[in-house]
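File shown here: protein.cif, holding mmCIF, C-alpha atoms and all ligand atoms.
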```cif
data_my_file
#
loop_
_atom_site.label_atom_id
_atom_site.label_comp_id
_atom_site.auth_asym_id
_atom_site.auth_seq_id
_atom_site.Cartn_x
_atom_site.Cartn_y
_atom_site.Cartn_z
CA MET A 120 28.61 12.99 -23.14
CA LYS A 121 31.47 11.36 -21.27
CA ILE A 122 30.91 13.71 -18.34
CA LEU A 123 27.20 12.88 -18.35
CA PHE A 124 27.99 9.19 -18.25
CA GLN A 125 30.46 9.68 -15.43
CA SER A 126 28.01 11.68 -13.35
CA LEU A 127 25.34 9.01 -13.91
CA LEU A 128 27.81 6.36 -12.79
CA LEU A 129 28.73 8.45 -9.76
CA ASN A 130 25.06 8.91 -8.88
CA ALA A 131 24.48 5.17 -9.17
CA LEU A 132 27.46 4.52 -6.89
CA LEU A 133 26.28 7.11 -4.37
CA LEU A 134 22.74 5.62 -4.39
CA THR A 135 24.04 2.10 -3.76
CA ALA A 136 26.31 3.48 -1.04
CA ALA A 137 23.34 5.24 0.57
CA ALA A 138 21.25 2.08 0.42
CA ALA A 139 23.98 0.03 2.06
CA ALA A 140 24.66 2.66 4.71
CA THR A 141 21.54 2.00 6.72
CA ASP A 142 22.52 -1.39 8.11
CA GLY A 143 24.75 -2.13 11.13
CA LEU A 144 27.89 -0.13 11.88
CA GLN A 145 29.13 2.02 8.99
CA VAL A 146 32.19 4.19 8.74
CA SER A 147 32.87 6.78 6.05
CA TYR A 148 34.92 9.88 5.56
CA THR A 149 34.59 13.24 3.88
CA THR A 150 37.16 15.91 3.11
CA GLU A 151 36.66 19.64 3.27
CA GLN A 152 38.37 20.19 -0.08
CA SER A 153 38.10 17.81 -3.03
CA LEU A 154 41.09 15.47 -2.96
CA ALA A 155 41.34 15.79 -6.74
CA THR A 156 42.32 19.45 -6.52
CA ILE A 157 44.62 19.66 -3.50
CA GLY A 158 48.38 19.92 -3.90
CA PRO A 159 50.51 17.43 -2.00
CA ASP A 160 52.99 18.96 0.45
CA GLU A 161 51.09 22.25 0.18
CA ASP A 162 47.42 22.01 1.22
CA VAL A 163 46.44 20.74 4.66
CA VAL A 164 43.39 18.51 4.28
CA LYS A 165 40.71 18.37 6.94
CA MET A 166 39.16 14.89 6.99
CA THR A 167 36.01 14.02 8.89
CA PHE A 168 35.27 10.41 9.75
CA SER A 169 31.63 9.59 10.41
CA VAL A 170 30.22 6.52 12.10
CA THR A 171 26.60 5.46 11.89
CA LYS A 172 24.80 2.63 13.58
CA ASP A 173 21.68 1.50 11.75
CA GLY A 174 21.74 4.76 9.86
CA ALA A 175 22.01 7.12 12.86
CA PRO A 176 25.22 8.80 14.08
CA SER A 177 26.82 6.70 16.78
CA ASP A 178 30.11 6.81 18.68
CA ALA A 179 32.88 4.32 18.13
CA GLN A 180 36.55 3.82 18.63
CA LEU A 181 38.33 4.30 15.32
CA HIS A 182 41.61 2.83 14.22
CA ILE A 183 42.98 4.67 11.20
CA VAL A 184 45.95 3.36 9.24
CA LEU A 185 47.23 5.35 6.28
CA ASP A 186 49.76 3.98 3.80
CA SER A 187 51.57 6.16 1.26
CA PRO A 188 51.65 5.44 -2.51
CA GLU A 189 53.78 2.52 -3.64
CA VAL A 190 57.26 3.02 -5.10
CA ASN A 191 57.22 3.55 -8.86
CA SER A 192 60.50 2.15 -10.17
CA ILE A 193 60.43 4.28 -13.35
CA ILE A 194 59.46 7.74 -12.13
CA SER A 195 60.24 8.91 -8.63
CA THR A 196 58.39 11.56 -6.68
CA ASP A 197 60.30 14.46 -5.16
CA PHE A 198 60.20 12.72 -1.78
CA PRO A 199 61.13 9.06 -2.45
CA ILE A 200 61.88 8.06 1.14
CA VAL A 201 58.20 8.37 2.02
CA GLU A 202 56.97 6.12 -0.83
CA GLY A 203 55.52 2.79 0.27
CA THR A 204 55.56 3.57 3.99
CA ARG A 205 53.01 3.73 6.81
CA LEU A 206 52.23 7.37 7.41
CA PHE A 207 49.66 7.20 10.11
CA ASP A 208 48.51 4.58 12.62
CA ALA A 209 46.27 6.07 15.25
CA ARG A 210 43.23 5.46 17.36
CA GLY A 211 40.57 7.92 18.30
CA ILE A 212 37.06 8.12 19.69
CA THR A 213 34.32 9.87 17.78
CA GLN A 214 32.19 12.57 19.35
CA GLY A 215 28.64 12.74 18.09
CA GLY A 216 29.61 10.10 15.54
CA LYS A 217 32.40 12.26 14.08
CA LEU A 218 36.16 12.47 14.30
CA GLU A 219 38.15 15.20 12.58
CA MET A 220 41.76 15.15 11.60
CA SER A 221 43.98 17.42 9.54
CA TYR A 222 46.71 15.98 7.44
CA LEU A 223 49.31 17.21 4.98
CA PHE A 224 49.73 14.55 2.32
CA PRO A 225 53.38 14.51 1.24
CA ILE A 226 53.39 13.19 -2.35
CA ARG A 227 51.22 12.44 -5.40
CA GLY A 228 49.81 8.96 -6.00
CA GLN A 229 47.34 6.47 -4.62
CA TYR A 230 46.98 6.26 -0.85
CA THR A 231 45.38 3.38 1.04
CA MET A 232 43.51 4.17 4.23
CA ARG A 233 42.09 1.44 6.42
CA VAL A 234 39.55 2.50 9.01
CA SER A 235 38.28 0.07 11.62
CA ALA A 236 35.51 0.97 14.02
CA GLN A 237 34.26 -0.60 17.21
CA SER A 238 30.96 0.63 18.54
CA LEU A 239 31.13 2.15 22.02
CA THR A 240 27.57 1.23 22.86
CA THR A 241 27.73 -2.30 21.43
CA PRO A 242 31.41 -3.39 21.61
CA ALA A 243 30.65 -6.60 19.72
CA LEU A 244 29.70 -4.49 16.71
CA THR A 245 32.73 -3.76 14.54
CA THR A 246 33.40 -2.83 10.97
CA ALA A 247 36.41 -2.09 8.78
CA GLU A 248 36.66 -0.26 5.49
CA THR A 249 39.59 0.21 3.14
CA PHE A 250 39.52 3.44 1.18
CA THR A 251 41.84 4.34 -1.65
CA PHE A 252 42.23 7.77 -3.18
CA SER A 253 44.64 9.41 -5.57
CA LEU A 254 46.29 12.77 -5.30
CA ASN A 255 47.44 14.64 -8.37
CA GLU A 256 50.81 16.29 -8.50
CA ASN A 257 50.96 19.87 -7.31
CA PRO A 258 50.24 21.98 -10.45
CA HIS A 259 53.07 24.39 -9.61
CA GLU A 260 55.52 21.50 -9.64
CA VAL A 261 54.23 20.26 -12.99
CA ILE A 262 54.83 23.72 -14.48
CA ASN A 263 58.33 23.82 -12.93
CA PHE A 264 59.05 20.42 -14.41
CA TYR A 265 58.15 21.63 -17.91
CA ILE A 266 60.29 24.74 -17.36
CA LEU A 267 63.24 22.50 -16.37
CA ILE A 268 62.76 20.32 -19.45
CA SER A 269 62.60 23.35 -21.76
CA ILE A 270 65.75 24.83 -20.20
CA LEU A 271 67.58 21.54 -20.72
CA VAL A 272 66.36 21.26 -24.32
CA SER A 273 67.40 24.86 -25.11
CA ILE A 274 70.86 24.33 -23.59
CA GLY A 275 71.20 21.20 -25.72
CA LEU A 276 70.07 22.96 -28.91
CA LEU A 277 72.28 25.99 -28.25
CA SER A 278 75.37 23.87 -27.60
CA GLY A 279 74.60 21.79 -30.67
CA VAL A 280 74.42 24.91 -32.84
CA ILE A 281 77.65 26.37 -31.38
CA LEU A 282 79.55 23.11 -31.70
CA ALA A 283 78.32 22.55 -35.27
CA LYS A 284 79.26 26.12 -36.30
CA SER A 285 82.77 25.79 -34.90
CA ALA A 286 83.17 22.38 -36.53
CA ILE A 287 82.12 23.83 -39.90
CA ARG A 288 84.56 26.76 -39.49
CA GLN A 289 87.30 24.33 -38.53
CA SER A 290 86.76 22.16 -41.60
CA ASN A 291 86.61 25.27 -43.85
CA LEU A 292 89.94 26.47 -42.40
CA SER A 293 91.65 23.14 -42.96
CA ALA A 294 90.20 23.01 -46.50
CA THR A 295 91.62 26.44 -47.43
CA ALA A 296 94.94 25.87 -45.70
CA MET B 273 104.86 47.71 -13.64
CA ASN B 274 102.10 45.53 -12.25
CA LYS B 275 99.75 46.71 -14.97
CA ASP B 276 102.27 45.84 -17.69
CA HIS B 277 102.60 42.41 -16.22
CA LEU B 278 98.83 41.90 -16.38
CA THR B 279 98.69 43.05 -19.99
CA THR B 280 101.45 40.67 -20.96
CA GLN B 281 99.60 37.83 -19.27
CA ALA B 282 96.33 38.75 -20.99
CA LYS B 283 98.01 38.96 -24.38
CA ARG B 284 99.63 35.59 -23.89
CA HIS B 285 96.28 34.02 -22.93
CA ALA B 286 94.50 35.58 -25.90
CA LYS B 287 97.17 34.32 -28.26
CA LEU B 288 96.99 30.86 -26.72
CA THR B 289 93.19 30.75 -26.99
CA LEU B 290 93.18 31.94 -30.60
CA THR B 291 95.68 29.34 -31.70
CA LEU B 292 94.16 26.59 -29.60
CA ASN B 293 92.94 23.84 -31.90
CA ILE B 294 90.50 21.44 -30.26
CA SER B 295 88.59 18.96 -32.39
CA ALA B 296 84.79 19.12 -32.46
CA LEU B 297 84.66 15.77 -30.71
CA SER B 298 86.81 16.97 -27.81
CA LYS B 299 84.68 20.10 -27.51
CA ALA B 300 81.55 17.99 -27.35
CA VAL B 301 83.08 15.74 -24.70
CA ILE B 302 84.23 18.72 -22.60
CA LEU B 303 80.79 20.33 -22.90
CA LEU B 304 79.00 17.13 -21.94
CA ALA B 305 81.28 16.70 -18.94
CA ILE B 306 80.67 20.27 -17.72
CA VAL B 307 76.90 20.04 -18.23
CA GLY B 308 76.85 16.65 -16.53
CA ILE B 309 78.82 17.82 -13.51
CA VAL B 310 76.71 20.96 -13.10
CA LEU B 311 73.40 19.09 -13.45
CA TYR B 312 74.50 16.35 -11.06
CA THR B 313 75.65 18.90 -8.50
CA VAL B 314 72.51 21.02 -8.68
CA LEU B 315 69.94 18.22 -8.89
CA PHE B 316 71.37 15.10 -7.25
CA SER B 317 74.43 15.74 -5.09
CA THR B 318 73.98 14.75 -1.45
CA TYR B 319 76.91 16.89 -0.25
CA PRO B 320 75.19 18.77 2.62
CA ALA B 321 76.22 22.31 1.69
CA VAL B 322 75.00 21.81 -1.89
CA HIS B 323 71.91 19.79 -0.94
CA ASP B 324 70.73 22.33 1.61
CA PHE B 325 71.02 25.17 -0.87
CA PHE B 326 69.18 23.43 -3.71
CA HIS B 327 66.77 21.40 -1.54
CA GLU B 328 63.67 23.53 -2.17
CA LEU B 329 64.43 23.79 -5.88
CA ARG B 330 64.73 20.01 -6.19
CA HIS B 331 61.44 19.46 -4.36
CA SER B 332 59.66 21.87 -6.67
CA LEU B 333 60.62 19.94 -9.82
CA MET B 334 58.03 17.12 -9.53
CA MET B 335 60.29 14.12 -10.08
CA ILE B 336 63.76 14.99 -8.85
CA PRO B 337 64.27 12.78 -5.79
CA CYS B 338 65.42 14.71 -2.73
CA HIS B 339 66.40 13.24 0.65
ZN ZN C 401 66.29 17.24 0.30
#
```

Step by step, read the file and then write its structure as structure tokens.
Ligand SMILES: [Zn+2]
Amino acid sequence: MKILFQSLLLNALLLTAAAAATDGLQVSYTTEQSLATIGPDEDVVKMTFSVTKDGAPSDAQLHIVLDSPEVNSIISTDFPIVEGTRLFDARGITQGGKLEMSYLFPIRGQYTMRVSAQSLTTPALTTAETFTFSLNENPHEVINFYILISILVSIGLLSGVILAKSAIRQSNLSATA
Amino acid sequence: MNKDHLTTQAKRHAKLTLTLNISALSKAVILLAIVGIVLYTVLFSTYPAVHDFFHELRHSLMMIPCH
């Protein structure tokens, strides 16, 4: 039921997006793999930026600025120095209305990507879009994290048992002595 | 001669260990210190020789900050 609702919502969003995409200069992007399933610092993502003018593919100069997820003061990622920094600031010209780039996202979290476009045929025509997307943590790392936690817990339990046993023996000895 | 010396040493150590009387509290403190030092060294130390060896391990643990 929840999934049905979500897909309806998604369809509605896509329909409104499609309706809006026919006017003026529009810029959008697609990724080869779904961003929800890629692992940061593992899978290289191929992104394709598309520009349309009045609904038809059109060439433009793109300015792409990518910012990494903000610093979370409670839980760090495995690569804290990259948190809250500008990862990418580049310009490029589309060919046939498309520009491709491959990128290896370093950490989990919400990225902000600002794409500005200036039409090559009508330089007065510009547009800018801010996209945000979230990457999940690499599943292998999540499993490793749980393994680490269980190792720590077992060491704690084991030492607790050993210490308690020796304390009991000690108190028995002093009681009999 | 040398072997006898070793045996004497070993016997002395065994005797010492058997008669050693450390309170449960001291044992707990010693254990915590050892565990703490080992965990800090493996997971957080920035000493280059240690960091370089454990770097990949740290990065594969989801939330251990590395470099
Ligand atoms: Zn490192």

Near chain A, 6 Å: chain B residue rows, closest pairs, all atoms listed in the file, as a tab-separated table:
```
residue	atom	partner	partner_atom	distance
B:Ala296	CA	A:Ala286	CA	5.5
B:His331	CA	A:Asp197	CA	5.2
B:Ser332	CA	A:Glu260	CA	5.1
B:Leu333	CA	A:Phe264	CA	4.9
B:Met334	CA	A:Glu260	CA	5.0
B:Met335	CA	A:Thr196	CA	4.7
B:Ile336	CA	A:Asp197	CA	5.1
B:Pro337	CA	A:Asp197	CA	4.4
B:Cys338	CA	A:Phe198	CA	5.7
```

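Between CA of Ser169 in chain A and CA of Val146 in chain A the interatomic distance comes to 5.7 Å.
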
Residues within 10 Å of ligand ZN 401 (chain C), counting all atoms listed in the file, as a PyMOL selection string: (chain A and resi 197-198) or (chain B and resi 315-318+320+323-331+336-339)

Å distance separating CA of Thr213 in chain A from CA of Phe168 in chain A, one decimal place: 8.1 Å

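We find CA of Val234 in chain A and CA of Gln180 in chain A to be spaced 10.2 Å apart.
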
Spatial neighbours of Gly211 in chain A, 10 Å, all atoms listed in the file, chain gap at least 4 places, as a PyMOL selection string: chain A and resi 179-183+218-220+236

All heavy atoms are needed for range 161-172 of chain A; please write them out as a CSV table (one decimal), in the coordinates of the input.
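That gives us result.csv:
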```
chain,number,residue,atom,x,y,z
A,161,GLU,N,51.4,20.8,0.2
A,161,GLU,CA,51.1,22.2,0.2
A,161,GLU,C,49.8,22.5,0.9
A,161,GLU,O,49.8,23.4,1.8
A,161,GLU,CB,51.0,22.7,-1.3
A,161,GLU,CG,50.8,24.2,-1.4
A,161,GLU,CD,51.0,24.7,-2.8
A,161,GLU,OE1,52.0,24.4,-3.4
A,161,GLU,OE2,50.0,25.4,-3.3
A,162,ASP,N,48.7,21.8,0.6
A,162,ASP,CA,47.4,22.0,1.2
A,162,ASP,C,47.2,21.0,2.4
A,162,ASP,O,47.2,19.8,2.2
A,162,ASP,CB,46.3,21.9,0.2
A,162,ASP,CG,46.5,22.8,-1.0
A,162,ASP,OD1,46.9,24.0,-0.7
A,162,ASP,OD2,46.3,22.4,-2.1
A,163,VAL,N,46.8,21.6,3.5
A,163,VAL,CA,46.4,20.7,4.7
A,163,VAL,C,45.0,20.3,4.4
A,163,VAL,O,44.1,21.2,4.2
A,163,VAL,CB,46.6,21.5,6.0
A,163,VAL,CG1,46.1,20.7,7.1
A,163,VAL,CG2,48.1,21.9,6.2
A,164,VAL,N,44.7,19.0,4.5
A,164,VAL,CA,43.4,18.5,4.3
A,164,VAL,C,42.7,18.2,5.6
A,164,VAL,O,43.3,17.5,6.5
A,164,VAL,CB,43.5,17.2,3.4
A,164,VAL,CG1,42.1,16.7,3.1
A,164,VAL,CG2,44.2,17.5,2.1
A,165,LYS,N,41.5,18.7,5.7
A,165,LYS,CA,40.7,18.4,6.9
A,165,LYS,C,39.8,17.2,6.6
A,165,LYS,O,39.0,17.3,5.7
A,165,LYS,CB,39.9,19.6,7.4
A,165,LYS,CG,39.4,19.4,8.8
A,165,LYS,CD,39.0,20.8,9.4
A,165,LYS,CE,37.5,20.8,9.7
A,165,LYS,NZ,37.1,22.1,10.1
A,166,MET,N,40.0,16.1,7.3
A,166,MET,CA,39.2,14.9,7.0
A,166,MET,C,38.2,14.7,8.2
A,166,MET,O,38.6,14.8,9.3
A,166,MET,CB,40.0,13.7,6.8
A,166,MET,CG,41.1,13.8,5.8
A,166,MET,SD,42.1,12.3,5.7
A,166,MET,CE,41.4,11.5,4.3
A,167,THR,N,37.0,14.3,7.8
A,167,THR,CA,36.0,14.0,8.9
A,167,THR,C,35.5,12.6,8.7
A,167,THR,O,35.0,12.2,7.7
A,167,THR,CB,34.8,15.0,8.8
A,167,THR,OG1,35.3,16.3,8.8
A,167,THR,CG2,33.9,14.8,10.0
A,168,PHE,N,35.7,11.8,9.8
A,168,PHE,CA,35.3,10.4,9.8
A,168,PHE,C,33.9,10.4,10.5
A,168,PHE,O,33.7,11.0,11.5
A,168,PHE,CB,36.3,9.5,10.5
A,168,PHE,CG,37.6,9.5,9.8
A,168,PHE,CD1,38.6,10.4,10.1
A,168,PHE,CD2,37.9,8.5,8.8
A,168,PHE,CE1,39.8,10.4,9.5
A,168,PHE,CE2,39.1,8.5,8.1
A,168,PHE,CZ,40.1,9.4,8.5
A,169,SER,N,33.0,9.7,9.8
A,169,SER,CA,31.6,9.6,10.4
A,169,SER,C,31.3,8.1,10.6
A,169,SER,O,31.5,7.3,9.8
A,169,SER,CB,30.6,10.2,9.5
A,169,SER,OG,31.0,11.5,9.0
A,170,VAL,N,30.7,7.9,11.8
A,170,VAL,CA,30.2,6.5,12.1
A,170,VAL,C,28.7,6.5,12.3
A,170,VAL,O,28.2,7.4,12.9
A,170,VAL,CB,30.9,6.0,13.4
A,170,VAL,CG1,30.4,4.6,13.8
A,170,VAL,CG2,32.4,6.0,13.2
A,171,THR,N,28.0,5.6,11.7
A,171,THR,CA,26.6,5.5,11.9
A,171,THR,C,26.3,4.0,12.3
A,171,THR,O,27.0,3.1,11.9
A,171,THR,CB,25.8,5.8,10.6
A,171,THR,OG1,26.2,4.9,9.6
A,171,THR,CG2,26.0,7.2,10.2
A,172,LYS,N,25.3,4.0,13.2
A,172,LYS,CA,24.8,2.6,13.6
A,172,LYS,C,23.3,2.6,13.2
A,172,LYS,O,22.5,3.4,13.6
A,172,LYS,CB,25.0,2.4,15.1
A,172,LYS,CG,24.9,1.0,15.5
A,172,LYS,CD,25.2,0.8,17.0
A,172,LYS,CE,24.0,0.7,17.8
A,172,LYS,NZ,24.3,0.5,19.2
```
